[in-house]
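Visitor: Got a structure for you, written out below as structure tokens; questions coming shortly.
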Amino acid sequence: MTPDDLLHPRPEGLYCPPGDFYIDPVRPVARALITHGHADHARSGHGAVMATRRTLDIMALRYGAGFADATQQGSRAPVDVNGVSVSFHAAGHVLGSAQIRVEWKGLSVVAAGDYKRGADPASEPFEPVRGDVFITEATFGLPVFRHPDPMQEMARLLKSLHLFPERAHMVGVYALGKAQRVIRLIRAAGYTDTLYIHGALKTLCDYYQAEGVALGPLEPATDAGGDKARFAGRIVLAPPSAFAAKWAQRFPEPLIAFASGWMQVRVRARQRGVELPLVISDHCDWPELTRTIEELDPQEVWVTHGREEALVRWCALNRRRARPLHLVGYEDEAVE
Amino acid sequence: MRRFAELLERLAFTPQRLGKLRLLRDYFAAVPDPDRGVALAALTGDLDIRGAKPAMLRALVAERVDEELFALSYDYVGDLAETIVLIWEPQGALADPGLSATVGRLNAAGRTGAPAVVRDLLDALDTPQRYALLKLATGGLRVGVSARLAKQALADFGGVEVTGIEELWHGLAPPYTELFAWLEGRAEKPVQAALAPFRPVMLATPLDEAELAALDPAAFAAEWKWDGIRVQATGEGGERRLYSRTGDDISGAFPDVLAQLDFDGTLDGELLVRGADGGTAAFGDLQQRLNRKTVGKALMGRHPAFVRAYDLLQAGAKDLRPLPFAERRARLEEFLTGLDPERFDLSPLLAFDDWDALAKLRAEPPHPVIEGLMLKRLDSAYVPGRPKGPWFKWKRDPFLIDAVLMYAQRGHGKRSSFYSDYTFGVWTEDETLVPVGKAYFGFTDEELKRIDRFVRDNTVERFGPVRSVRAEPAFGLVLEVAFEGLNRSGRHKSGVAMRFPRVHRLRWDKPPAEADRLLTLQAMLPPE
Ligand SMILES: [Zn+2]
């Protein structure tokens, strides 16, 4: 028996034949195990869904309470699914995010989903879990990606606020995870004023607060009835797509910032028309990816969504068995 | 060096001039000598630094990084220096060695020592500083800051006129400690001691035609305004310099002019090039000679440069600037008789009795390289800066055409949520539109909002930040576009390139079918 008998890619996603379930399927399936709530991993329309409580909550907020026929909470304690032992372990990516470990007949695979190792008060910390095979993401799987200390990025944001007090500082963040993490970082940097948020961020910010992640005073960034000056020198958070929309025209001399690991690469930042690129990521950078592989020391590494080639090459250089796992349907851009 | 790295980072992503000025001012205020002066020199292009060739950097990174991993990374990042900066893994504790010390180390390293110094520095610096290091070492910061802008920021920082800085600049050297001391009010203004210094230029204000009636024609001299670049040619004690109007030394690009600059004195004039017939060639030809550090013989032969002089600021030891224009002019005419007329000729004065006569001259200039008139009070002293009253420029009316909006692009920075950059076209003979230019100013905020709405409501296709909009004979938006001149262009499909195009008026009323045709533009081209 080989690990492929336990998990292998199919067009729908990563499939487990003995357990008859998929992990993060991109098409509707009868039984899905979901690592986390980002839309490309957690889709609607499955029969039965198993995920952490928080991921189930987030899916319900996104898709409505009846997003699946049946739901079941996954946990650290293994649960039997058709004879396969399944456990969920924090991935440190966003609130509720988990790695999924499956074990069958003495063979184990850990599908990490999206994960990161850096500290994040808006997410449960990554738990190292061993398995014969470790499936790692490779969103930032190139040695050029080394995320700086996020507090350093915050210092740049606050300094800009001080230097350009007449401009609304618009920070591009995705609704799940990045928004709340950036807010926590802003608070950690000592900024206590009200933060203004785009309507698309409200539901999840409320949820995080309800789950005990304190975000401080937030207010909707709604039209001030022509009183643009209200937002001068203020921080406004919004999904980046909103900056191109008419919505953004209500702010005084907007200064566009964008919090993303992609901001490390200049041409990316320029394409976005960003004035203040903030390198803040919810994914592992290269040192975290390679350190994790060394720490977990699996028999074999499977690399998925992202720059598989480079990480597989690194494994070869370090005499580790590795191969790319060609899964389709995960957008490394949109969710970061 | 960290502060400098941060500054470069911010400047590179800040499009607005005012934003850049503020960042620079903040930097000068926060960073002590000598680092701020070294940074200033790096920005103005006055920093003498031992360069690092791409081959050397590649060799350094090859010692550290697997070739295949590097290739994958380079492929992704797209820029060699940036890839090296990002992929380089520092060794041991990070440090901030200071900008001045870093430049000193680079310069002290001999040819053979340079790779080791660069390697050690890369090992000790964080990412932004590594970036700054390689920008310094490979030359060209490319952060959109001209020497002029840097000097303006200095002037803002010290609360002085920028001309005061331009005047001193040529006699100063990095790290400019005495300059900063003066700007901070801790010392007297430095004394200009260099030979052949730059003398800050006097600029004209645009003429408001309504005010013309109140001016006495007999009090003014008039001359053509030539479409070249303003220069100052100065010689002193064997030192010869050609300065731009902001005091940048451009001598290196014009050895043909410099060879004949064998006088002690300072001329103010227009730099132009001659065409094949020996006459004044179009700006497009002059452009071939601009923005170069050196120039080849062939190019010099093809486009020989000369100065058309219109003022004399210094003759020998005598400063003529306090004298009235009329007197300077008389001395200028005499001064020029001793110079090679191929390289230095005289800008002729125009005879006119009243403003109507002058207006007629302006409407029918005798040469295509004339872009209008200059009016100078006969009694005006030469005063640096742009005083209002003594000198006026009366430009020819701009060219106007009606063009059709074809593409709109989202702006940058504060205009990110507006479609504010417009590509417009005119009709070809087969009744299709061909783009002839781009404009991104000339309209009010209200008009911008209205065009933005039009673009969003009439998008045909999207390509990233660009949208193509409906542009049909019976439906579309006609822009009246103003521009200063037209050049031939092999790079544009239309074969023409506009100078200084801007939106003059929005013609919501006009059907696109009535917009101008390419033939009209072709007729405006200067003779070949
Ligand atoms: Zn994710």
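Labels used: A, B, ... for chains in the order of the structure tokens, numbers from 1 for residues in each chain, and numbers from 1 for ligands as shown.
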Residues of chain B within 7 Å of chain A, counting only C-alpha atoms - could you list those as a PyMOL selection string?
Guide: chain B and resi 13-14+69+72-73+77+83+86-87+412-414+416-417
Visitor: As a JSON list (two decimals) with C-alpha atoms, in the first residue's frame, please: all residues of region 300-351 of chain B that backbone DSSP puts in alpha helix (DSSP H).
Guide:
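Result saved to out12.json:
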```
[["chain", "number", "residue", "atom", "x", "y", "z"],
["B", 300, "MET", "CA", 26.89, 65.64, -33.10],
["B", 301, "GLY", "CA", 27.40, 65.83, -36.83],
["B", 302, "ARG", "CA", 23.77, 65.08, -37.55],
["B", 325, "PHE", "CA", 17.73, 95.02, -20.05],
["B", 326, "ALA", "CA", 18.35, 97.57, -22.81],
["B", 327, "GLU", "CA", 21.90, 98.09, -21.66],
["B", 328, "ARG", "CA", 22.62, 94.40, -21.21],
["B", 329, "ARG", "CA", 21.22, 93.84, -24.68],
["B", 330, "ALA", "CA", 23.58, 96.36, -26.21],
["B", 331, "ARG", "CA", 26.51, 94.71, -24.49],
["B", 332, "LEU", "CA", 25.29, 91.30, -25.57],
["B", 333, "GLU", "CA", 25.29, 92.33, -29.24],
["B", 334, "GLU", "CA", 28.83, 93.56, -28.90],
["B", 335, "PHE", "CA", 29.94, 90.51, -26.92],
["B", 336, "LEU", "CA", 28.66, 88.13, -29.58]]
```
Visitor: Can you tell me which residues sit at most 10 Å away from ligand 1, counting only C-alpha atoms and all ligand atoms, written as an NGL selection string?
Guide: :A and (35-42 or 93-94 or 97 or 113-115 or 137 or 139 or 176-178 or 282-283 or 330-332 or 334-336)
Visitor: Contacts of Val26 (chain A) at 12 Å or less, counting only C-alpha atoms, minus same-chain residues fewer than 5 places along, as a list of chain:residue names?
Guide: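 Contacts, with the query itself left out: A:Pro9, A:Arg10, A:Pro11, A:Glu12, A:Gly13, A:Leu14, A:Tyr15, A:Ala32, A:Leu33, A:Ile34, A:His38, A:Ala39, A:Asp40, A:His41, A:Ala42, A:Arg43, A:Ser44, A:Gly45, A:His46, A:Leu327, A:Val328, A:Gly329, A:Tyr330, A:Glu331.
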Visitor: I need the chosen residues saved as a tab-separated table (two decimals), in the first residue's frame, with N, CA, C and O atoms.
Guide:
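Contents of out_12.tsv, as written:
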```tsv
chain	number	residue	atom	x	y	z
A	9	PRO	N	-5.13	13.13	-5.93
A	9	PRO	CA	-5.92	14.19	-6.57
A	9	PRO	C	-6.92	13.64	-7.57
A	9	PRO	O	-6.63	12.67	-8.28
A	10	ARG	N	-8.06	14.26	-7.57
A	10	ARG	CA	-9.07	14.03	-8.59
A	10	ARG	C	-9.53	15.41	-9.06
A	10	ARG	O	-9.25	16.39	-8.38
A	11	PRO	N	-10.22	15.50	-10.17
A	11	PRO	CA	-10.67	16.83	-10.62
A	11	PRO	C	-11.47	17.57	-9.54
A	11	PRO	O	-11.40	18.79	-9.45
A	12	GLU	N	-12.18	16.83	-8.70
A	12	GLU	CA	-13.00	17.49	-7.66
A	12	GLU	C	-12.14	18.01	-6.52
A	12	GLU	O	-12.55	18.88	-5.76
A	13	GLY	N	-10.94	17.42	-6.34
A	13	GLY	CA	-10.10	17.79	-5.22
A	13	GLY	C	-9.35	16.57	-4.72
A	13	GLY	O	-9.31	15.52	-5.38
A	14	LEU	N	-8.78	16.70	-3.52
A	14	LEU	CA	-7.99	15.62	-2.96
A	14	LEU	C	-8.94	14.56	-2.39
A	14	LEU	O	-9.76	14.85	-1.52
A	15	TYR	N	-8.81	13.32	-2.88
A	15	TYR	CA	-9.82	12.30	-2.55
A	15	TYR	C	-9.21	11.18	-1.70
A	15	TYR	O	-8.06	10.78	-1.91
A	32	ALA	N	-17.35	16.24	2.30
A	32	ALA	CA	-16.20	17.13	2.20
A	32	ALA	C	-15.62	17.42	3.57
A	32	ALA	O	-16.36	17.66	4.52
A	33	LEU	N	-14.30	17.40	3.67
A	33	LEU	CA	-13.59	17.87	4.86
A	33	LEU	C	-12.94	19.19	4.47
A	33	LEU	O	-12.23	19.27	3.45
A	34	ILE	N	-13.19	20.22	5.27
A	34	ILE	CA	-12.78	21.57	4.87
A	34	ILE	C	-11.72	22.09	5.85
A	34	ILE	O	-11.92	22.06	7.06
A	38	HIS	N	-11.77	30.21	3.66
A	38	HIS	CA	-11.58	30.97	2.42
A	38	HIS	C	-12.36	30.34	1.28
A	38	HIS	O	-12.42	29.12	1.16
A	39	ALA	N	-12.91	31.20	0.43
A	39	ALA	CA	-13.90	30.74	-0.54
A	39	ALA	C	-13.39	29.67	-1.50
A	39	ALA	O	-14.17	28.84	-1.96
A	40	ASP	N	-12.10	29.68	-1.81
A	40	ASP	CA	-11.63	28.67	-2.76
A	40	ASP	C	-11.42	27.31	-2.09
A	40	ASP	O	-11.26	26.31	-2.77
A	41	HIS	N	-11.41	27.28	-0.78
A	41	HIS	CA	-11.29	26.01	-0.06
A	41	HIS	C	-12.65	25.54	0.46
A	41	HIS	O	-12.93	24.34	0.49
A	42	ALA	N	-13.43	26.49	0.91
A	42	ALA	CA	-14.75	26.16	1.48
A	42	ALA	C	-15.83	26.59	0.51
A	42	ALA	O	-16.24	27.75	0.51
A	43	ARG	N	-16.29	25.65	-0.32
A	43	ARG	CA	-17.33	26.01	-1.27
A	43	ARG	C	-18.67	25.49	-0.78
A	43	ARG	O	-18.72	24.63	0.10
A	44	SER	N	-19.70	26.03	-1.36
A	44	SER	CA	-21.03	25.59	-0.92
A	44	SER	C	-21.51	24.45	-1.83
A	44	SER	O	-20.91	24.18	-2.86
A	45	GLY	N	-22.55	23.76	-1.39
A	45	GLY	CA	-23.19	22.76	-2.23
A	45	GLY	C	-22.77	21.33	-1.97
A	45	GLY	O	-23.16	20.43	-2.70
A	46	HIS	N	-21.99	21.08	-0.90
A	46	HIS	CA	-21.62	19.70	-0.58
A	46	HIS	C	-22.74	19.03	0.21
A	46	HIS	O	-23.55	19.70	0.85
A	327	LEU	N	-3.20	20.09	-8.07
A	327	LEU	CA	-4.61	20.34	-7.77
A	327	LEU	C	-5.01	21.62	-8.46
A	327	LEU	O	-4.22	22.57	-8.51
A	328	VAL	N	-6.19	21.65	-8.97
A	328	VAL	CA	-6.63	22.88	-9.64
A	328	VAL	C	-7.75	23.56	-8.85
A	328	VAL	O	-8.44	22.92	-8.05
A	329	GLY	N	-7.88	24.83	-9.07
A	329	GLY	CA	-9.03	25.54	-8.49
A	329	GLY	C	-8.72	26.40	-7.29
A	329	GLY	O	-9.60	27.06	-6.76
A	330	TYR	N	-7.46	26.43	-6.85
A	330	TYR	CA	-7.13	27.28	-5.70
A	330	TYR	C	-6.45	28.55	-6.20
A	330	TYR	O	-5.49	28.49	-6.96
A	331	GLU	N	-6.98	29.66	-5.76
A	331	GLU	CA	-6.47	30.94	-6.26
A	331	GLU	C	-5.49	31.49	-5.26
A	331	GLU	O	-5.87	31.96	-4.21
```
Visitor: Which polymer residues have any atom within 12 Å of an atom of Pro197 (chain B), counting only C-alpha atoms, with same-chain residues fewer than 4 positions away left out, as a ChimeraX atom specification?
Guide: /B:165-172,191-193,232-237,239-243,247-249,264-266,313-314
Visitor: Near Leu107 (chain A), within 8 Å and counting only C-alpha atoms, which residues show up once chain neighbours fewer than 3 positions away are dropped, as a list in words?
Guide: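 Counting only the stated atoms, we get Pro3, Leu6, Glu103, Trp104, Gly131 and Asp132 of chain A.
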Visitor: Given the choices B:His504, B:Arg36, B:Arg517, B:Arg415, which gets closest to Trp427 (chain B) if the distance is worked out from only C-alpha atoms?
Guide: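 Going through B:His504, B:Arg36, B:Arg517, B:Arg415 one by one, the smallest distance to Trp427 (chain B) is for B:Arg517.
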Visitor: Name the residues in contact with Ile401 (chain B) at a cut-off of 10 Å, using only C-alpha atoms, excluding same-chain residues fewer than 4 positions from it; report them as an NGL selection string.
Guide: :B and (426 or 478-483 or 504 or 515-517 or 520-521)
Visitor: Mind giving me the straight-line distance from CA of Ala253 (chain B) to CA of Pro341 (chain B) in Å, one decimal?
Guide: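 So the answer is 19.9 Å.
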Visitor: Which is closer to Asp80 (chain A) than all the others in A:Ala238, A:Ala138, A:Leu61, A:Pro18, using only C-alpha atoms?
Guide: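 Under the stated criterion, the closest residue is A:Pro18.
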Visitor: Compile the contact shell of Tyr419 (chain B) as a list in words: residues with an atom at most 6 Å away, counting only C-alpha atoms, same-chain residues fewer than 4 positions apart removed.
Guide: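 The neighbour list is Ala408, Gln409, Arg410 and Asp452 of chain B.
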Visitor: Would you put the residues from that selection into a file with all heavy atoms, as a PDB file, in the first residue's frame?
Guide:
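File part38.pdb, as written:
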```pdb
ATOM      1  N   ALA B 408      -9.764  54.300 -21.351  1.00  0.00           N
ATOM      2  CA  ALA B 408      -9.576  55.051 -20.113  1.00  0.00           C
ATOM      3  C   ALA B 408      -8.879  54.135 -19.129  1.00  0.00           C
ATOM      4  O   ALA B 408      -9.163  52.936 -19.069  1.00  0.00           O
ATOM      5  CB  ALA B 408     -10.919  55.502 -19.556  1.00  0.00           C
ATOM      6  N   GLN B 409      -7.953  54.711 -18.402  1.00  0.00           N
ATOM      7  CA  GLN B 409      -7.208  53.919 -17.429  1.00  0.00           C
ATOM      8  C   GLN B 409      -7.391  54.535 -16.064  1.00  0.00           C
ATOM      9  O   GLN B 409      -7.452  55.754 -15.925  1.00  0.00           O
ATOM     10  CB  GLN B 409      -5.725  53.913 -17.814  1.00  0.00           C
ATOM     11  CG  GLN B 409      -4.891  53.081 -16.867  1.00  0.00           C
ATOM     12  CD  GLN B 409      -3.479  52.854 -17.372  1.00  0.00           C
ATOM     13  OE1 GLN B 409      -3.139  53.271 -18.476  1.00  0.00           O
ATOM     14  NE2 GLN B 409      -2.658  52.216 -16.567  1.00  0.00           N
ATOM     15  N   ARG B 410      -7.459  53.669 -15.059  1.00  0.00           N
ATOM     16  CA  ARG B 410      -7.558  54.191 -13.696  1.00  0.00           C
ATOM     17  C   ARG B 410      -6.276  54.910 -13.347  1.00  0.00           C
ATOM     18  O   ARG B 410      -5.186  54.513 -13.734  1.00  0.00           O
ATOM     19  CB  ARG B 410      -7.787  53.065 -12.694  1.00  0.00           C
ATOM     20  CG  ARG B 410      -9.227  52.647 -12.579  1.00  0.00           C
ATOM     21  CD  ARG B 410      -9.497  52.018 -11.221  1.00  0.00           C
ATOM     22  NE  ARG B 410      -8.562  50.964 -10.916  1.00  0.00           N
ATOM     23  CZ  ARG B 410      -8.683  49.722 -11.332  1.00  0.00           C
ATOM     24  NH1 ARG B 410      -9.702  49.375 -12.090  1.00  0.00           N
ATOM     25  NH2 ARG B 410      -7.795  48.825 -10.984  1.00  0.00           N
ATOM     26  N   ASP B 452     -15.745  59.755 -15.645  1.00  0.00           N
ATOM     27  CA  ASP B 452     -15.643  58.474 -14.947  1.00  0.00           C
ATOM     28  C   ASP B 452     -16.955  57.702 -15.072  1.00  0.00           C
ATOM     29  O   ASP B 452     -16.970  56.506 -15.356  1.00  0.00           O
ATOM     30  CB  ASP B 452     -15.299  58.737 -13.474  1.00  0.00           C
ATOM     31  CG  ASP B 452     -15.180  57.466 -12.663  1.00  0.00           C
ATOM     32  OD1 ASP B 452     -14.166  56.770 -12.811  1.00  0.00           O
ATOM     33  OD2 ASP B 452     -16.128  57.149 -11.901  1.00  0.00           O
TER      34      ASP B 452
END
```
Visitor: Could you write out, as an MDAnalysis selection string, all the residues of region 210-290 of chain A that DSSP marks as strand (DSSP E or B)?
Guide: chainID A and resid 218:220 235:238 255:259 276:278
Visitor: Of the candidates B:Leu122, B:Asn487, B:Phe441, B:Gly144, which shows the shortest atom-to-atom distance to Gln16 (chain B), using only C-alpha atoms?
Guide: B:Gly144
